[in-house]
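J.: One file is attached below, data.cif, containing mmCIF, C-alpha atoms and all ligand atoms.
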```
data_my_file
#
loop_
_atom_site.label_atom_id
_atom_site.label_comp_id
_atom_site.auth_asym_id
_atom_site.auth_seq_id
_atom_site.Cartn_x
_atom_site.Cartn_y
_atom_site.Cartn_z
CA MET Q 395 -96.29 -38.04 8.47
CA SER Q 396 -93.86 -35.40 7.17
CA SER Q 397 -90.75 -36.81 5.60
CA TYR Q 398 -87.84 -35.25 7.40
CA ASP Q 399 -84.70 -34.49 5.43
CA PRO Q 400 -82.43 -32.30 7.56
CA LEU Q 401 -80.31 -31.45 4.49
CA ASP Q 402 -83.24 -30.22 2.40
CA THR Q 403 -82.83 -26.53 1.50
CA ALA Q 404 -86.19 -25.49 2.99
CA VAL Q 405 -85.47 -27.43 6.21
CA LEU Q 406 -82.01 -25.85 6.51
CA GLU Q 407 -83.69 -22.47 6.11
CA ASN Q 408 -86.35 -23.16 8.76
CA PRO Q 409 -86.56 -26.62 10.38
CA TYR Q 410 -89.26 -25.71 12.91
CA PRO Q 411 -92.44 -26.24 10.81
CA VAL Q 412 -91.47 -29.78 9.75
CA LEU Q 413 -90.36 -30.63 13.30
CA ALA Q 414 -93.69 -29.30 14.65
CA ASP Q 415 -95.52 -31.48 12.16
CA LEU Q 416 -93.58 -34.56 13.24
CA ARG Q 417 -94.22 -33.76 16.91
CA ALA Q 418 -97.96 -33.35 16.28
CA HIS Q 419 -98.45 -36.50 14.18
CA THR Q 420 -95.59 -38.96 14.76
CA PRO Q 421 -93.67 -37.80 17.84
CA VAL Q 422 -91.69 -41.06 17.89
CA CYS Q 423 -90.97 -42.00 14.28
CA TRP Q 424 -88.57 -44.34 12.55
CA HIS Q 425 -86.26 -42.59 10.06
CA PRO Q 426 -84.99 -45.20 7.58
CA GLY Q 427 -82.15 -42.96 6.24
CA MET Q 428 -80.79 -42.23 9.72
CA ARG Q 429 -81.68 -45.74 10.95
CA ALA Q 430 -82.93 -44.18 14.16
CA TRP Q 431 -86.07 -43.37 16.10
CA LEU Q 432 -86.54 -39.59 16.06
CA LEU Q 433 -87.96 -38.02 19.22
CA THR Q 434 -89.55 -34.60 18.94
CA ARG Q 435 -91.48 -34.20 22.23
CA TYR Q 436 -89.69 -32.43 25.07
CA ALA Q 437 -90.83 -34.97 27.70
CA ASP Q 438 -89.63 -37.98 25.66
CA CYS Q 439 -86.28 -36.29 24.94
CA VAL Q 440 -85.63 -35.53 28.62
CA ALA Q 441 -86.69 -39.05 29.67
CA VAL Q 442 -84.05 -40.54 27.35
CA LEU Q 443 -81.28 -38.07 28.21
CA ARG Q 444 -81.66 -38.50 31.95
CA ASP Q 445 -81.64 -42.30 31.81
CA HIS Q 446 -78.08 -43.27 30.93
CA THR Q 447 -78.66 -46.79 32.28
CA ARG Q 448 -81.28 -47.64 29.65
CA PHE Q 449 -79.98 -45.33 26.89
CA ALA Q 450 -76.26 -45.59 26.21
CA ARG Q 451 -73.93 -43.07 24.70
CA ASP Q 452 -71.00 -45.45 24.98
CA ARG Q 453 -71.44 -47.72 21.96
CA ARG Q 454 -69.18 -50.37 23.53
CA ARG Q 455 -72.11 -51.17 25.84
CA ALA Q 456 -74.01 -52.29 22.73
CA GLY Q 457 -71.08 -54.39 21.53
CA ALA Q 458 -69.53 -51.87 19.09
CA GLU Q 459 -65.81 -51.19 18.81
CA VAL Q 460 -64.80 -47.65 19.77
CA PRO Q 461 -61.22 -46.72 18.79
CA ALA Q 462 -59.03 -45.43 21.65
CA PRO Q 463 -58.74 -41.84 20.25
CA SER Q 464 -62.54 -41.54 20.47
CA LEU Q 465 -62.79 -42.36 24.18
CA SER Q 466 -63.58 -39.06 25.89
CA VAL Q 467 -66.08 -37.47 28.22
CA GLN Q 468 -68.41 -37.36 25.23
CA SER Q 469 -68.30 -41.05 24.32
CA LEU Q 470 -68.09 -42.65 27.78
CA ASP Q 471 -71.00 -43.22 30.12
CA PRO Q 472 -71.12 -43.14 33.92
CA PRO Q 473 -69.42 -44.58 35.92
CA ASP Q 474 -66.34 -44.53 33.56
CA GLN Q 475 -67.15 -40.97 32.52
CA ALA Q 476 -67.50 -39.56 36.05
CA SER Q 477 -63.82 -39.03 36.91
CA VAL Q 478 -62.88 -37.27 33.67
CA ARG Q 479 -66.05 -35.16 33.68
CA SER Q 480 -65.53 -33.95 37.24
CA LEU Q 481 -61.83 -33.30 36.52
CA PHE Q 482 -62.77 -30.91 33.69
CA MET Q 483 -65.73 -29.45 35.61
CA ASN Q 484 -63.54 -28.62 38.63
CA ALA Q 485 -60.88 -27.13 36.37
CA LEU Q 486 -63.54 -24.97 34.70
CA HIS Q 487 -64.81 -23.66 38.03
CA ALA Q 488 -61.23 -22.75 39.01
CA GLN Q 489 -60.88 -20.32 36.05
CA ASP Q 490 -61.42 -16.57 36.22
CA LEU Q 491 -64.32 -16.39 33.79
CA HIS Q 492 -64.94 -12.66 34.43
CA ALA Q 493 -61.43 -11.90 33.16
CA ILE Q 494 -62.05 -14.08 30.08
CA GLU Q 495 -65.37 -12.26 29.43
CA ALA Q 496 -63.65 -8.87 29.77
CA ARG Q 497 -60.95 -9.93 27.27
CA ALA Q 498 -63.66 -11.19 24.88
CA ARG Q 499 -65.36 -7.78 25.07
CA ARG Q 500 -62.07 -5.99 24.33
CA LEU Q 501 -61.44 -8.26 21.35
CA LEU Q 502 -64.93 -7.55 19.98
CA ALA Q 503 -64.68 -3.78 20.52
CA ALA Q 504 -61.39 -3.69 18.56
CA ARG Q 505 -62.82 -5.90 15.80
CA PHE Q 506 -66.01 -3.83 15.52
CA ASP Q 507 -63.96 -0.62 15.24
CA ARG Q 508 -61.90 -2.16 12.46
CA LEU Q 509 -65.00 -3.50 10.63
CA ALA Q 510 -66.92 -0.23 11.01
CA GLY Q 511 -65.77 1.12 7.63
CA CYS Q 512 -66.50 -2.06 5.63
CA ALA Q 513 -69.40 -2.01 3.16
CA SER Q 514 -70.02 -5.67 4.02
CA PHE Q 515 -68.25 -8.41 5.99
CA ASP Q 516 -68.96 -12.00 6.95
CA VAL Q 517 -70.01 -12.27 10.60
CA MET Q 518 -68.92 -15.93 10.70
CA ALA Q 519 -65.34 -15.29 9.55
CA GLU Q 520 -64.80 -11.85 11.05
CA VAL Q 521 -66.64 -12.07 14.37
CA ALA Q 522 -67.81 -15.58 15.33
CA SER Q 523 -64.60 -17.52 14.54
CA PRO Q 524 -62.11 -15.11 16.15
CA LEU Q 525 -64.34 -14.74 19.22
CA ALA Q 526 -64.68 -18.53 19.65
CA VAL Q 527 -60.97 -19.29 19.11
CA THR Q 528 -59.96 -16.55 21.55
CA VAL Q 529 -62.42 -17.51 24.30
CA ILE Q 530 -61.62 -21.21 24.17
CA SER Q 531 -57.83 -20.75 23.91
CA ASP Q 532 -58.00 -18.32 26.81
CA LEU Q 533 -60.12 -20.73 28.84
CA LEU Q 534 -57.88 -23.73 28.17
CA GLY Q 535 -54.68 -21.67 28.59
CA VAL Q 536 -53.19 -22.41 25.16
CA THR Q 537 -51.83 -20.20 22.38
CA SER Q 538 -54.60 -19.40 19.87
CA PRO Q 539 -54.07 -21.31 16.62
CA ASP Q 540 -54.41 -19.40 13.36
CA VAL Q 541 -58.15 -18.77 13.06
CA ALA Q 542 -58.51 -19.55 9.34
CA THR Q 543 -56.42 -22.75 9.45
CA PHE Q 544 -58.12 -24.05 12.58
CA GLY Q 545 -61.52 -23.10 11.15
CA ARG Q 546 -60.89 -25.37 8.14
CA VAL Q 547 -59.87 -28.31 10.37
CA SER Q 548 -62.88 -27.81 12.61
CA ASP Q 549 -65.29 -27.48 9.67
CA ALA Q 550 -64.11 -30.81 8.21
CA ILE Q 551 -64.71 -32.48 11.59
CA MET Q 552 -68.11 -30.85 11.97
CA ARG Q 553 -69.19 -31.94 8.48
CA SER Q 554 -68.06 -35.52 9.20
CA MET Q 555 -70.69 -35.74 11.97
CA ASP Q 556 -73.15 -36.17 9.09
CA GLY Q 557 -71.18 -39.15 7.69
CA GLY Q 558 -74.28 -41.38 7.90
CA LEU Q 559 -76.13 -39.08 5.49
CA ASP Q 560 -73.16 -38.16 3.28
CA PRO Q 561 -70.24 -40.66 3.16
CA SER Q 562 -68.01 -38.22 1.19
CA VAL Q 563 -67.35 -36.21 4.37
CA VAL Q 564 -65.91 -39.16 6.34
CA GLU Q 565 -62.32 -39.21 4.98
CA PRO Q 566 -61.70 -35.41 5.17
CA GLY Q 567 -63.01 -35.66 8.74
CA ARG Q 568 -60.49 -38.39 9.59
CA VAL Q 569 -57.58 -36.32 8.21
CA ALA Q 570 -58.76 -33.24 10.12
CA ARG Q 571 -58.97 -35.26 13.36
CA GLU Q 572 -55.31 -36.23 12.92
CA GLN Q 573 -54.38 -32.56 12.48
CA LEU Q 574 -56.36 -31.64 15.58
CA SER Q 575 -54.67 -34.45 17.55
CA ALA Q 576 -51.24 -33.10 16.57
CA LEU Q 577 -52.24 -29.63 17.77
CA VAL Q 578 -53.57 -30.92 21.09
CA GLU Q 579 -50.52 -33.16 21.56
CA SER Q 580 -48.28 -30.08 21.21
CA TRP Q 581 -50.05 -28.54 24.21
CA PHE Q 582 -49.19 -31.58 26.29
CA GLN Q 583 -45.51 -31.45 25.26
CA THR Q 584 -45.03 -27.97 26.75
CA SER Q 585 -45.37 -26.88 30.36
CA GLY Q 586 -48.48 -24.86 29.55
CA ARG Q 587 -49.86 -21.49 30.59
CA PRO Q 588 -52.19 -21.25 33.58
CA GLY Q 589 -55.66 -22.25 32.51
CA LEU Q 590 -58.08 -25.14 32.44
CA LEU Q 591 -55.64 -27.61 30.87
CA ALA Q 592 -52.86 -26.84 33.36
CA HIS Q 593 -55.38 -27.40 36.17
CA VAL Q 594 -56.53 -30.70 34.66
CA ARG Q 595 -52.95 -31.90 34.20
CA ALA Q 596 -52.05 -31.01 37.77
CA HIS Q 597 -55.03 -32.90 39.20
CA ALA Q 598 -55.41 -35.87 36.84
CA PRO Q 599 -54.87 -39.27 38.47
CA ALA Q 600 -51.66 -40.85 37.14
CA SER Q 601 -52.94 -43.69 34.98
CA GLU Q 602 -52.63 -44.47 31.31
CA VAL Q 603 -56.38 -44.68 30.85
CA GLN Q 604 -57.00 -41.33 32.53
CA GLU Q 605 -54.26 -39.71 30.43
CA LEU Q 606 -55.94 -40.99 27.27
CA TYR Q 607 -59.35 -39.68 28.39
CA VAL Q 608 -57.85 -36.30 29.31
CA ARG Q 609 -56.13 -35.78 25.93
CA ASN Q 610 -59.22 -36.89 24.02
CA THR Q 611 -61.49 -34.69 26.13
CA ALA Q 612 -59.18 -31.69 25.60
CA ARG Q 613 -59.62 -32.26 21.87
CA VAL Q 614 -63.41 -32.51 22.13
CA MET Q 615 -63.56 -29.43 24.29
CA PHE Q 616 -61.46 -27.33 21.94
CA GLN Q 617 -62.99 -28.37 18.63
CA GLY Q 618 -66.54 -29.09 19.84
CA GLY Q 619 -66.59 -25.91 21.90
CA TYR Q 620 -65.25 -23.87 18.98
CA SER Q 621 -67.68 -25.17 16.36
CA THR Q 622 -70.78 -24.84 18.56
CA LEU Q 623 -69.81 -21.40 19.76
CA VAL Q 624 -69.19 -20.15 16.20
CA ALA Q 625 -72.58 -21.51 15.17
CA ALA Q 626 -74.32 -20.06 18.24
CA VAL Q 627 -72.84 -16.60 17.61
CA GLY Q 628 -74.00 -16.62 13.98
CA ASN Q 629 -77.49 -17.83 14.90
CA ALA Q 630 -77.73 -15.23 17.69
CA VAL Q 631 -76.71 -12.36 15.40
CA HIS Q 632 -79.21 -13.51 12.78
CA THR Q 633 -82.03 -13.79 15.35
CA LEU Q 634 -81.23 -10.32 16.71
CA GLN Q 635 -81.33 -8.88 13.20
CA LYS Q 636 -84.76 -10.46 12.68
CA HIS Q 637 -85.99 -8.97 15.99
CA PRO Q 638 -84.87 -5.33 15.81
CA THR Q 639 -86.00 -4.35 19.35
CA ALA Q 640 -84.45 -7.37 21.11
CA LEU Q 641 -80.89 -6.09 21.36
CA ASP Q 642 -81.91 -2.84 23.01
CA ARG Q 643 -84.05 -4.69 25.58
CA MET Q 644 -80.93 -6.58 26.66
CA ARG Q 645 -79.38 -3.38 28.08
CA ASP Q 646 -81.14 -4.52 31.22
CA ALA Q 647 -78.82 -6.91 33.15
CA ALA Q 648 -81.55 -9.44 34.03
CA MET Q 649 -82.83 -9.44 30.44
CA LEU Q 650 -79.28 -10.01 29.20
CA ARG Q 651 -78.90 -13.06 31.45
CA THR Q 652 -82.18 -14.70 30.42
CA GLY Q 653 -81.96 -13.38 26.85
CA VAL Q 654 -78.75 -15.22 25.90
CA ASP Q 655 -80.38 -18.50 26.98
CA GLU Q 656 -83.52 -17.72 25.02
CA LEU Q 657 -81.40 -17.09 21.91
CA VAL Q 658 -80.02 -20.63 22.25
CA ARG Q 659 -83.51 -22.11 22.77
CA TYR Q 660 -85.04 -20.13 19.92
CA ASP Q 661 -82.45 -21.08 17.27
CA GLY Q 662 -79.67 -23.12 18.84
CA PRO Q 663 -76.77 -24.77 17.01
CA VAL Q 664 -76.90 -28.43 18.14
CA GLN Q 665 -79.87 -30.10 16.45
CA GLY Q 666 -79.76 -33.47 18.15
CA THR Q 667 -77.87 -36.31 19.77
CA SER Q 668 -78.17 -40.08 19.75
CA ARG Q 669 -78.30 -42.86 22.31
CA ILE Q 670 -78.66 -46.64 21.99
CA ALA Q 671 -81.53 -48.44 23.73
CA MET Q 672 -80.04 -51.08 26.04
CA ALA Q 673 -83.32 -52.94 26.46
CA THR Q 674 -86.55 -53.15 24.53
CA CYS Q 675 -88.82 -50.41 25.86
CA GLN Q 676 -91.78 -48.17 25.09
CA ILE Q 677 -91.36 -44.50 24.22
CA GLY Q 678 -94.59 -42.58 23.68
CA GLY Q 679 -96.46 -45.84 23.05
CA VAL Q 680 -93.96 -47.03 20.42
CA THR Q 681 -91.83 -50.13 20.96
CA VAL Q 682 -88.11 -49.46 20.64
CA THR Q 683 -86.06 -52.64 20.35
CA ALA Q 684 -82.84 -53.21 22.29
CA GLY Q 685 -79.85 -52.09 20.20
CA GLN Q 686 -81.78 -49.51 18.16
CA THR Q 687 -80.66 -45.88 17.98
CA VAL Q 688 -82.81 -43.15 19.46
CA THR Q 689 -82.15 -39.60 18.24
CA VAL Q 690 -83.25 -36.77 20.49
CA LEU Q 691 -84.01 -33.70 18.39
CA PHE Q 692 -83.14 -30.74 20.62
CA ALA Q 693 -84.45 -28.28 18.06
CA ALA Q 694 -87.89 -29.93 18.14
CA ALA Q 695 -88.01 -30.30 21.93
CA ASN Q 696 -87.07 -26.63 22.34
CA HIS Q 697 -90.18 -25.58 20.41
CA ASP Q 698 -92.60 -28.00 22.09
CA PRO Q 699 -95.69 -25.98 23.12
CA GLU Q 700 -96.31 -28.42 26.00
CA GLN Q 701 -93.13 -27.10 27.62
CA PHE Q 702 -92.70 -23.60 26.16
CA PRO Q 703 -95.69 -21.25 25.83
CA GLN Q 704 -95.44 -19.33 22.53
CA PRO Q 705 -92.61 -21.62 21.42
CA ASP Q 706 -91.97 -19.85 18.12
CA GLN Q 707 -91.68 -16.41 19.72
CA LEU Q 708 -88.44 -14.95 21.06
CA VAL Q 709 -89.33 -14.26 24.72
CA LEU Q 710 -86.17 -12.73 26.18
CA ASP Q 711 -87.35 -12.95 29.79
CA ARG Q 712 -88.73 -16.47 29.44
CA PHE Q 713 -88.78 -18.13 32.86
CA PRO Q 714 -88.44 -20.96 33.55
CA ASN Q 715 -86.50 -21.83 30.42
CA ARG Q 716 -85.30 -25.40 30.84
CA HIS Q 717 -84.37 -25.75 27.20
CA LEU Q 718 -82.20 -28.53 25.80
CA GLY Q 719 -79.90 -26.27 23.78
CA TYR Q 720 -77.03 -27.31 26.06
CA GLY Q 721 -78.24 -30.90 26.35
CA TRP Q 722 -79.41 -32.58 29.55
CA GLY Q 723 -78.14 -35.16 32.04
CA SER Q 724 -74.74 -36.79 32.22
CA HIS Q 725 -73.65 -35.46 28.81
CA SER Q 726 -74.94 -31.91 29.17
CA CYS Q 727 -72.58 -29.25 27.84
CA LEU Q 728 -69.35 -28.80 29.82
CA GLY Q 729 -68.94 -25.34 28.31
CA THR Q 730 -72.34 -23.84 29.16
CA VAL Q 731 -70.97 -21.14 31.45
CA PRO Q 732 -68.20 -19.93 29.08
CA ALA Q 733 -70.67 -20.12 26.17
CA GLN Q 734 -73.20 -17.94 28.04
CA MET Q 735 -70.37 -15.59 28.88
CA ALA Q 736 -69.23 -15.32 25.25
CA LEU Q 737 -72.81 -14.64 24.11
CA ARG Q 738 -73.17 -11.92 26.77
CA ALA Q 739 -69.89 -10.38 25.55
CA LEU Q 740 -71.29 -10.41 22.01
CA VAL Q 741 -74.54 -8.71 23.01
CA THR Q 742 -72.92 -6.04 25.21
CA SER Q 743 -70.30 -5.29 22.54
CA LEU Q 744 -73.03 -4.86 19.92
CA LEU Q 745 -74.86 -2.53 22.33
CA HIS Q 746 -71.72 -0.44 22.94
CA HIS Q 747 -70.90 -0.03 19.27
CA PRO Q 748 -72.18 3.33 17.95
CA ALA Q 749 -73.76 1.89 14.76
CA PRO Q 750 -76.18 -1.07 14.54
CA LEU Q 751 -75.11 -4.27 12.82
CA VAL Q 752 -77.45 -4.70 9.86
CA THR Q 753 -77.87 -7.35 7.16
CA ALA Q 754 -75.75 -6.61 4.07
CA GLY Q 755 -76.49 -9.52 1.77
CA VAL Q 756 -78.21 -12.88 1.65
CA PRO Q 757 -77.19 -15.24 4.50
CA ARG Q 758 -76.42 -18.82 3.50
CA ARG Q 759 -76.99 -21.78 5.83
CA ARG Q 760 -74.33 -24.51 5.89
CA ARG Q 761 -75.52 -27.87 4.59
CA THR Q 762 -75.02 -29.77 7.85
CA ALA Q 763 -77.63 -31.72 9.78
CA THR Q 764 -76.20 -32.04 13.29
CA MET Q 765 -75.02 -28.45 13.55
CA ARG Q 766 -77.29 -25.58 12.54
CA THR Q 767 -75.00 -22.82 11.38
CA PHE Q 768 -74.30 -20.29 8.64
CA GLU Q 769 -71.81 -20.68 5.82
CA THR Q 770 -71.84 -16.90 5.41
CA LEU Q 771 -73.72 -14.14 7.19
CA PRO Q 772 -73.07 -10.81 5.45
CA ALA Q 773 -73.51 -7.70 7.61
CA ALA Q 774 -72.33 -4.12 8.05
CA PHE Q 775 -72.31 -1.47 10.75
CA ARG Q 776 -74.59 1.26 9.42
CA LEU Q 777 -76.24 4.24 11.13
C1 LIG Q 801 -73.58 -21.76 22.76
C2 LIG Q 801 -72.60 -22.65 22.62
C3 LIG Q 801 -72.75 -24.11 22.93
C4 LIG Q 801 -73.84 -24.92 22.80
C5 LIG Q 801 -75.24 -24.55 22.32
C6 LIG Q 801 -73.45 -26.25 23.23
C7 LIG Q 801 -74.28 -27.35 23.24
C8 LIG Q 801 -73.93 -28.61 23.69
C9 LIG Q 801 -74.82 -29.75 23.72
C10 LIG Q 801 -76.26 -29.75 23.25
C11 LIG Q 801 -74.12 -30.80 24.25
C12 LIG Q 801 -74.67 -32.19 24.55
C13 LIG Q 801 -74.58 -33.11 23.38
C14 LIG Q 801 -75.06 -34.51 23.70
O1 LIG Q 801 -75.81 -34.77 24.64
O2 LIG Q 801 -74.67 -35.37 22.92
C15 LIG Q 801 -72.78 -30.32 24.51
C16 LIG Q 801 -71.77 -31.10 25.02
C17 LIG Q 801 -70.49 -30.64 25.26
N1 LIG Q 801 -70.04 -29.34 25.13
FE1 LIG Q 801 -71.11 -27.77 24.45
N2 LIG Q 801 -72.14 -26.21 23.59
C18 LIG Q 801 -71.67 -24.93 23.46
C19 LIG Q 801 -70.42 -24.46 23.73
C20 LIG Q 801 -69.42 -25.21 24.30
C21 LIG Q 801 -68.13 -24.69 24.66
C22 LIG Q 801 -67.69 -23.23 24.51
C23 LIG Q 801 -67.40 -25.74 25.15
C24 LIG Q 801 -66.00 -25.78 25.67
C25 LIG Q 801 -65.38 -24.77 26.22
C26 LIG Q 801 -68.26 -26.93 25.09
C27 LIG Q 801 -67.88 -28.19 25.48
C28 LIG Q 801 -68.72 -29.29 25.48
C29 LIG Q 801 -68.28 -30.64 25.85
C30 LIG Q 801 -66.88 -31.05 26.31
C31 LIG Q 801 -69.39 -31.48 25.72
C32 LIG Q 801 -69.47 -32.99 25.98
C33 LIG Q 801 -69.96 -33.21 27.41
C34 LIG Q 801 -70.22 -34.66 27.73
O3 LIG Q 801 -70.51 -35.45 26.82
O4 LIG Q 801 -70.12 -35.01 28.93
N3 LIG Q 801 -69.46 -26.55 24.57
N4 LIG Q 801 -72.69 -28.99 24.17
#
```
For the structure just supplied, provide its representation as structure tokens.
Ligand code: HEM
T.:
Amino acid sequence: MSSYDPLDTAVLENPYPVLADLRAHTPVCWHPGMRAWLLTRYADCVAVLRDHTRFARDRRRAGAEVPAPSLSVQSLDPPDQASVRSLFMNALHAQDLHAIEARARRLLAARFDRLAGCASFDVMAEVASPLAVTVISDLLGVTSPDVATFGRVSDAIMRSMDGGLDPSVVEPGRVAREQLSALVESWFQTSGRPGLLAHVRAHAPASEVQELYVRNTARVMFQGGYSTLVAAVGNAVHTLQKHPTALDRMRDAAMLRTGVDELVRYDGPVQGTSRIAMATCQIGGVTVTAGQTVTVLFAAANHDPEQFPQPDQLVLDRFPNRHLGYGWGSHSCLGTVPAQMALRALVTSLLHHPAPLVTAGVPRRRRTATMRTFETLPAAFRL
């Protein structure tokens, strides 16, 4: 069996060979460092994600304490989760996403014009972060926080997701969560612009518990949505640079629609998620004991040849493409539609810019296990 260290430099560079090896030889394997069963086969991953009765997200069901500020759409399970999830889902559907996409395109066009003369710039700081902050603030109907300051808060929270592997990131994560809470609280103290949050507040049932879930979910949506979108934009730009004909093929509207999903399958940001087995069961012939953690590795499932022919190729018109890049089941991504929209805005803006965006230095992956992203991605517009 391959030993899997998600923070190893070679794995950060390219995790797919080691994940393929695990899938081929030990598709359900115990990882002592993570204290979890790792699942790498698409079918096993989907079976766990769709069965929230046997595999819990809500750790209270396994007897753990979950502090009140952590109770959100992300940490609850059905039936408790249902009301808050549908509240946010309905609010999302009530937003004018075409207008948000058009504003995202205008933002990118202006940024690209300004960056056109630079010998080199960092795609993460200059393109991905401002795009993500703008799209999510616009969607929620809140004033955009300062991109650099918010980026630092979000990064500390993102790094703390790897607290099990690196305890030094836990305390900075706690401090950053307090800063994020203060920001979100300020949105609830004002009357609020029209947008997703105003819709949620107008329709939320009046109960203390629901109010807590709503505030916590607003926080998850803003920070989680921001960090995954930043990572997805960086990964997409990098993949497009490695496949020089791909961008041009996405001039076609149908190819653009399927292509942005394929970019997330091919090299998506969220590497995995965990659930707790509520009863002793068998997964792929292996006995998983009640109370043990099962980690679904999205990145591995998305390259499973049993589900995706030519899994390591970028197939822009792949169909069907039921990838797990946005998760699956009761915890699947609430921001899939705005994320697809932001990625489309990125691709069309790159296509409209007169000069191609080329690599202008050595990209550096961030040393994080849960989120696959770049620390820096140097590029330049050059004819
Ligand atoms: C390309 C960008 C994005 C990707 C790849 C992505 C991916 C994911 C994945 C894989 C999950 C499921 C995690 C799990 O099962 O534990 C998830 C959940 C979630 N995402 Fe996203 N996401 C993206 C963008 C966004 C955006 C822009 C927002 C907000 C506007 C957002 C909000 C959420 C929320 C609130 C959840 C938790 C849902 C729940 O637990 O019920 N995401 N996302």
J.: Residues of chain Q that have any atom at most 8 Å from an atom of ligand LIG 801 (chain Q): could you tabulate them with the shortest-distance atom pair and the distance in Å to one decimal, using all atoms listed in the file, ordered by chain and increasing number, as a tab-separated table?
T.:
```
residue	atom	partner	partner_atom	distance
Q:Leu443	CA	Q:LIG801	O1	7.3
Q:Arg451	CA	Q:LIG801	O2	7.9
Q:Ser466	CA	Q:LIG801	O3	7.9
Q:Val467	CA	Q:LIG801	O4	4.8
Q:Gln468	CA	Q:LIG801	O3	3.3
Q:Ser469	CA	Q:LIG801	O3	6.5
Q:Leu470	CA	Q:LIG801	O3	7.7
Q:Gln475	CA	Q:LIG801	O4	7.6
Q:Arg479	CA	Q:LIG801	O4	6.3
Q:Ala526	CA	Q:LIG801	C22	7.4
Q:Val529	CA	Q:LIG801	C22	7.8
Q:Ile530	CA	Q:LIG801	C25	5.6
Q:Leu533	CA	Q:LIG801	C25	7.1
Q:Leu534	CA	Q:LIG801	C25	7.8
Q:Thr611	CA	Q:LIG801	C30	6.5
Q:Ala612	CA	Q:LIG801	C30	7.8
Q:Val614	CA	Q:LIG801	C30	5.6
Q:Met615	CA	Q:LIG801	C30	4.2
Q:Phe616	CA	Q:LIG801	C24	6.1
Q:Gly618	CA	Q:LIG801	C27	5.9
Q:Gly619	CA	Q:LIG801	C23	3.4
Q:Tyr620	CA	Q:LIG801	C22	6.1
Q:Ser621	CA	Q:LIG801	C19	7.9
Q:Thr622	CA	Q:LIG801	C3	4.8
Q:Leu623	CA	Q:LIG801	C2	4.2
Q:Val624	CA	Q:LIG801	C2	7.7
Q:Ala625	CA	Q:LIG801	C2	7.5
Q:Ala626	CA	Q:LIG801	C1	4.9
Q:Val627	CA	Q:LIG801	C1	7.3
Q:Val658	CA	Q:LIG801	C5	6.2
Q:Gly662	CA	Q:LIG801	C5	5.8
Q:Pro663	CA	Q:LIG801	C5	5.5
Q:Val664	CA	Q:LIG801	C10	5.3
Q:Gln665	CA	Q:LIG801	C10	7.7
Q:Gly666	CA	Q:LIG801	C10	7.2
Q:Thr667	CA	Q:LIG801	O2	4.6
Q:Ser668	CA	Q:LIG801	O2	6.7
Q:Phe692	CA	Q:LIG801	C10	7.4
Q:Leu718	CA	Q:LIG801	C10	6.6
Q:Gly719	CA	Q:LIG801	C10	5.1
Q:Tyr720	CA	Q:LIG801	C10	3.8
Q:Gly721	CA	Q:LIG801	C10	3.9
Q:Trp722	CA	Q:LIG801	O1	6.5
Q:Gly723	CA	Q:LIG801	O1	7.8
Q:Ser724	CA	Q:LIG801	O4	5.9
Q:His725	CA	Q:LIG801	O4	3.6
Q:Ser726	CA	Q:LIG801	C12	4.6
Q:Cys727	CA	Q:LIG801	C16	3.5
Q:Leu728	CA	Q:LIG801	C28	4.4
Q:Gly729	CA	Q:LIG801	C23	3.5
Q:Thr730	CA	Q:LIG801	C19	5.8
Q:Val731	CA	Q:LIG801	C22	8.0
Q:Pro732	CA	Q:LIG801	C22	5.7
Q:Ala733	CA	Q:LIG801	C22	4.6
Q:Gln734	CA	Q:LIG801	C1	6.5
Q:Leu737	CA	Q:LIG801	C1	7.3
```
J.: Which one of Q:Thr447, Q:Thr543, Q:Gln701, Q:Thr584 sits closest to Asn715 in chain Q if you count all atoms listed in the file?
T.: Q:Gln701
J.: Skipping near chain neighbours, those fewer than 2 positions away, what residues fall within 12 Å of His425 in chain Q using only C-alpha atoms, listed as a list of chain:residue names?
T.: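 The neighbour list is Q:Met395, Q:Ser396, Q:Ser397, Q:Tyr398, Q:Asp399, Q:Pro400, Q:Leu416, Q:Thr420, Q:Pro421, Q:Val422, Q:Cys423, Q:Gly427, Q:Met428, Q:Arg429, Q:Ala430, Q:Trp431, Q:Leu432, Q:Leu433, Q:Leu559, Q:Gln686, Q:Thr687, Q:Val688, Q:Thr689.
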J.: Can you tell me, as a compact mmCIF listing (two decimals) with C-alpha atoms, in the coordinates of the input, what residues are no more than 8 Å from range 496-510 of chain Q when counting all atoms listed in the file, ignoring any on the same chain fewer than 2 positions away?
T.:
```txt
# COMPACT_ATOMS: atom_id res chain seq x y z
CA HIS Q 492 -64.94 -12.66 34.43
CA ALA Q 493 -61.43 -11.90 33.16
CA ILE Q 494 -62.05 -14.08 30.08
CA CYS Q 512 -66.50 -2.06 5.63
CA PHE Q 515 -68.25 -8.41 5.99
CA GLU Q 520 -64.80 -11.85 11.05
CA VAL Q 521 -66.64 -12.07 14.37
CA LEU Q 525 -64.34 -14.74 19.22
CA THR Q 528 -59.96 -16.55 21.55
CA VAL Q 529 -62.42 -17.51 24.30
CA ALA Q 736 -69.23 -15.32 25.25
CA ALA Q 739 -69.89 -10.38 25.55
CA LEU Q 740 -71.29 -10.41 22.01
CA THR Q 742 -72.92 -6.04 25.21
CA SER Q 743 -70.30 -5.29 22.54
CA HIS Q 747 -70.90 -0.03 19.27
CA ALA Q 774 -72.33 -4.12 8.05
CA PHE Q 775 -72.31 -1.47 10.75
CA ARG Q 776 -74.59 1.26 9.42
```
J.: Choose the residue, out of Q:Met644, Q:Leu710, Q:Ala598, Q:Leu771, that has the smallest atom-to-atom separation from Ser477 in chain Q; count all atoms listed in the file.
T.: Q:Ala598
